[in-house]
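Q: Attaching a single structure in structure tokens format; questions to follow.
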Amino acid sequence: MTDRKLRVFLCHSSQDKPIVRELYQRLNAEGWIDPWLDKEKLLPGQEWELEIEKSVEVADVVVVCLSKGSVEKEGYYQKEIKKVLDVSDKKPEGTIFIIPLRLDDCQPPRRLAKWQYVDYFPSTHTERAFQRVLDSLRLQGSNLDIQISNGLRNRFSPIAPKEYIYGGLSFMFVRSGTFLIGDGEKNKNTGVYEKTKHELLIPYDYCIGRDPITNEQYATYVIEKGQKFYFTKGKNDHPVTGITWKDAIYFVEWLNKRYSAELPYGYIFDLPSTEEWEKAARGLDGRIYPWGDNFDKNKCNTRESSIDETTLIGKYSPDGDSPYGAKDMAGNVWEWTRSSFGDVSNSIRRIMCGGSYGDEPIYARCAFRMEYPIATSADSFGFRLTIIPKEKNLRDEVYFPTL
């Protein structure tokens with residue numbers, strides 16, 4: 001059994017880069033696959049055409065991504081396909097080397113007609129298509145004695161429990177796939193950044209913190225640093241408050257240093273992106289609140305509850321829980337994310353979600369966003385964590401609203 005990964009080359013046209021990048025991320029998250037994508041693998045100063053040819057020659061499998069625009073386009077993409085076909089001619093008969101992947105309803109080139117293709121569209125079929133591609137890659141990996149293991153998908157199977165413990169914290173599993181983001185015209189209180197409801201693909205499995213980080217959990221971190229942390233007696237299991245974005249990031253870094261060895265291969269602790277947060281809060285069907293479309297003051301801690309302070313995490317469970325089993329994602333405390341609005345250079349402001357005990361119900365909607373400077377703290381500011389694939393610039397993610 002070899003300890004190397006399965007080398008998968010992603011042949012594509014530049015116009016299809018966004019969806020191919022998502023495919024790259026999903027394959028990379030499996031742990032046993034080493035996908036090759038030019039924008040991810042090429043280093044400054046390397047001769048790109050030479051490096052692409054070398055990568056095709058050493059690939060175990062080539063996924064040829066096809067679209068109406070690419071198959072009719074002249075230029076380097078056609079040359080790249082020819083190179084793939086030349087390498088394929090040298091492979092033993094029956095080897096799984098070329099996997100044609102249609103990104104839309106295009107006519108595959110005649111030269112690729114002898115290989116069975118798979119359709120990566122429409123969005124409702126994408127997950128099924130990805131699994132079929134994985135099945136072929138597993139077969140080729142087995143033929144090459146590659147260890148097919150690791151990866152979050154292999155650790156979290158559909159029949160496994162939905163809750164997992166890492167670093168002493170509880171996390172709920174969220175499977176990759178599309179969901180409805182934004183509130184659209186369904187809600188008259190919808191803000192400009194939530195106006196258009198549309199499907200969004202999160203192309204990787206991840207976990208969301210079951211709870212916001214508590215006073216007791218945060219105190220463990222602060223005390224280990226040799227500092228003191230005070231909170232009201234009896235509020236050990238209330239969400240920690242008074243947290244700046246930097247405070248949350250320092251906690252994340254400490255947790256990764258101390259407990260990263262517990263995590264599935266290729267995954268880290270981090271703050272959620274706004275998209276990860278929203279999917280975990282509302283599920284797939286576009287509901288306004290974690291429990292449904294109608295506000296219910298008996299299912300969350302907002303101004304309507306007249307409590308005017310944080311409540312015990314889980315006080316409103318299970319009725320107020322999200323479809324994935326996450327607690328208190330509406331009300332109680334605002335939660336920092338790693339995303340910023342519209343401009344990645346805007347590193348001094350970040351988005352918060354969820355609303356708090358002092359806010360009206362409109363702020364507790366799953367789609368609502370609020371932006372604050374990263375040094376801002378308040379007695380209603382807290383955070384929860386995610387477990388996500390370790391990728392570049394995760395904290396530089398930008399939320400681009402569809403206006």
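Naming works like this for the structure tokens: A, B, ... for the chains as they're shown, residue 1 at the start of each chain, ligands 1 onward in shown order.
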Please identify the strand (DSSP E) residues within stretch 6-167 of chain A (assignment by DSSP from backbone atoms) and present them as a PyMOL selection string.

A: chain A and resi 6-11+33-36+61-66+98-102+118-119+163-166

Q: Please provide the set of residues having any atom within 8 Å of stretch 35-51 of chain A, restricted to only C-alpha atoms, with same-chain residues fewer than 2 positions apart removed, written as a list in words.

A: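 Near stretch 35-51 of chain A, the qualifying residues are Leu6, Arg7, Val8, Phe9, Leu10, Arg21, Tyr24, Leu27, Asn28, Ile33, Glu53, Lys54 and Ser55 of chain A.
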
Q: Looking at A:Met172, A:Val133, A:Ala326, A:Val20, which one is nearest to A:Ile99, with distances taken over only C-alpha atoms?

A: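 For A:Ile99, the nearest of the candidates is A:Val133.
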
Q: Got a sec: who's within 9 Å of A:Gly283, counting only C-alpha atoms, leaving out chain neighbours fewer than 6 positions off, as JSON, numbers by chain?

A: {"A": [174, 179, 180, 290, 322, 323, 324]}

Q: Neighbours of A:Ser142 within 10 Å (only C-alpha atoms; same-chain residues fewer than 6 positions away dropped), as a PyMOL selection string?

A: chain A and resi 1+6+136+148

Q: Go ahead and save the picked residues with N, CA and C atoms, as an mmCIF file, in the first residue's frame.

A:
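Dumped everything to part_11.cif:
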```cif
data_model
loop_
_atom_site.group_PDB
_atom_site.id
_atom_site.type_symbol
_atom_site.label_atom_id
_atom_site.label_comp_id
_atom_site.auth_asym_id
_atom_site.auth_seq_id
_atom_site.Cartn_x
_atom_site.Cartn_y
_atom_site.Cartn_z
ATOM 1 N N MET A 1 0.855 -1.200 0.000
ATOM 2 C CA MET A 1 0.000 0.000 0.000
ATOM 3 C C MET A 1 0.885 1.243 0.000
ATOM 4 N N LEU A 6 -3.785 10.185 -4.561
ATOM 5 C CA LEU A 6 -4.184 10.036 -5.954
ATOM 6 C C LEU A 6 -4.048 11.395 -6.655
ATOM 7 N N SER A 136 -15.357 6.596 -9.186
ATOM 8 C CA SER A 136 -14.333 6.291 -10.188
ATOM 9 C C SER A 136 -12.936 6.527 -9.635
ATOM 10 N N ILE A 148 -7.220 4.870 0.732
ATOM 11 C CA ILE A 148 -8.383 5.746 0.611
ATOM 12 C C ILE A 148 -8.981 5.918 2.002
#
```

Q: Considering only C-alpha atoms, return as a list in words whatever protein or nucleic-acid residues lie within 12 Å of A:Lys233, sequence-local ones (same chain, fewer than 4 positions apart) excluded.

A: Asn215, Glu216, Asp237 and His238 of chain A

Q: If you count only C-alpha atoms, which residues fall within 12 Å of A:Asp211, apart from same-chain ones fewer than 4 positions away, as a ChimeraX atom specification?

A: /A:163,165,169-172,207,215,217,237-240,280-281,312-315,317,321-322,324-330,332-333,335,382-386

Q: I need the residue nearest A:Tyr77 from this list: A:Cys11, A:Ile52, A:Cys366, A:Val63. Use only C-alpha atoms for the distance.

A: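 With only C-alpha atoms as the atom set, the closest residue is A:Cys11.
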
Q: Show me, as an MDAnalysis selection string, the residues that have an atom within 9 Å of A:Asp270 when counting only C-alpha atoms, minus same-chain residues fewer than 6 positions from it.

A: chainID A and resid 249 252:253 256 338 384:388 394:395

Q: Write the residues of the preceding selection, restricted to N, CA and C atoms, as a compact mmCIF listing (two decimals), in the first residue's frame.

A:
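Below you can see again-v2.txt, which holds the result:
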```txt
# COMPACT_ATOMS: atom_id res chain seq x y z
N ILE A 249 -10.39 35.48 17.25
CA ILE A 249 -9.32 34.90 16.43
C ILE A 249 -8.20 34.34 17.32
N VAL A 252 -9.30 31.05 18.57
CA VAL A 252 -9.20 30.06 17.50
C VAL A 252 -7.76 29.56 17.35
N GLU A 253 -6.81 30.49 17.36
CA GLU A 253 -5.40 30.11 17.19
C GLU A 253 -4.93 29.24 18.35
N ASN A 256 -6.43 25.73 17.87
CA ASN A 256 -5.74 24.97 16.83
C ASN A 256 -4.39 24.44 17.31
N ARG A 338 -15.87 35.30 9.90
CA ARG A 338 -14.57 35.68 9.33
C ARG A 338 -14.72 36.52 8.06
N ARG A 384 -19.16 31.71 17.85
CA ARG A 384 -19.12 30.26 17.84
C ARG A 384 -18.13 29.85 16.75
N LEU A 385 -17.76 28.58 16.72
CA LEU A 385 -16.70 28.11 15.83
C LEU A 385 -17.22 27.19 14.74
N THR A 386 -16.38 26.98 13.74
CA THR A 386 -16.60 25.94 12.75
C THR A 386 -15.36 25.06 12.67
N ILE A 387 -15.52 23.90 12.03
CA ILE A 387 -14.39 23.06 11.62
C ILE A 387 -14.50 23.00 10.10
N ILE A 388 -13.50 23.52 9.41
CA ILE A 388 -13.56 23.70 7.96
C ILE A 388 -12.28 23.19 7.31
N LEU A 394 -8.53 31.91 4.34
CA LEU A 394 -9.90 31.71 4.80
C LEU A 394 -10.43 32.95 5.52
N ARG A 395 -9.57 33.66 6.21
CA ARG A 395 -10.04 34.84 6.94
C ARG A 395 -10.12 36.07 6.05
```

Q: Find the residue from A:Thr274, A:Glu74, A:Ser88, A:Ser67 that sits nearest to A:Gln107; use only C-alpha atoms when measuring.

A: A:Ser67

Q: Please determine, counting only C-alpha atoms, which residue among A:Gly31, A:Asp89, A:Phe381, A:Ile81 has the shortest atom-to-atom distance to A:Arg110.

A: A:Ile81

Q: Between atom CA of A:Leu134 and atom CA of A:Gly286, what is the distance in Å, rounded to a tenth?

A: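 We find that atom CA of A:Leu134 and atom CA of A:Gly286 lie 28.8 Å from each other.
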
Q: Hey, can you check how far atom CA of A:Ala113 sits from atom CA of A:Ile146?

A: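 We find that atom CA of A:Ala113 and atom CA of A:Ile146 lie 28.5 Å from each other.
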
Q: Give me, please, the distance in Å between atom CA of A:Phe97 and atom CA of A:Gln78, quoted to one decimal.

A: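 Spanning atom CA of A:Phe97 to atom CA of A:Gln78 is a straight-line distance of 17.7 Å.
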
Q: From a backbone DSSP assignment, name each residue in stretch 79-230 of chain A labelled alpha helix (DSSP H), as a compact mmCIF listing (two decimals) with C-alpha atoms, in the first residue's frame.

A:
```txt
# COMPACT_ATOMS: atom_id res chain seq x y z
CA LYS A 79 -4.21 21.83 -26.90
CA GLU A 80 -4.52 20.69 -23.28
CA ILE A 81 -7.17 18.12 -24.22
CA LYS A 82 -4.91 16.83 -27.00
CA LYS A 83 -2.10 16.38 -24.49
CA VAL A 84 -4.45 14.45 -22.19
CA LEU A 85 -5.48 12.18 -25.08
CA ASP A 86 -1.84 11.56 -26.03
CA VAL A 87 -1.02 10.48 -22.48
CA SER A 88 -4.17 8.34 -22.37
CA THR A 126 -24.39 18.08 -8.36
CA GLU A 127 -24.01 16.04 -5.17
CA ARG A 128 -24.94 12.81 -6.97
CA ALA A 129 -22.48 13.65 -9.79
CA PHE A 130 -19.69 14.34 -7.32
CA GLN A 131 -20.26 10.99 -5.66
CA ARG A 132 -20.06 9.24 -9.04
CA VAL A 133 -16.75 10.96 -9.76
CA LEU A 134 -15.52 9.87 -6.32
CA ASP A 135 -16.53 6.29 -7.07
CA SER A 136 -14.33 6.29 -10.19
CA LEU A 137 -11.46 7.90 -8.31
CA ARG A 138 -11.76 5.32 -5.52
CA LEU A 139 -11.60 2.51 -8.08
CA GLN A 140 -8.48 3.95 -9.70
CA GLY A 141 -6.97 4.62 -6.27
CA SER A 142 -7.56 1.02 -5.26
CA ASN A 143 -5.93 -0.19 -8.48
CA GLY A 151 -11.01 13.39 5.12
CA LEU A 152 -14.06 14.74 6.92
CA ARG A 153 -16.43 12.85 4.62
CA ASN A 154 -14.94 9.53 5.69
CA ARG A 155 -15.03 10.47 9.37
CA ASN A 215 -17.90 31.92 29.78
CA GLU A 216 -16.36 28.78 31.24
CA GLN A 217 -14.78 27.70 27.94
CA TYR A 218 -13.33 31.14 27.32
CA ALA A 219 -12.08 31.35 30.91
CA THR A 220 -10.07 28.13 30.40
CA TYR A 221 -8.21 29.79 27.52
CA VAL A 222 -7.59 33.07 29.37
CA ILE A 223 -6.38 31.37 32.56
CA GLU A 224 -4.00 29.17 30.57
```
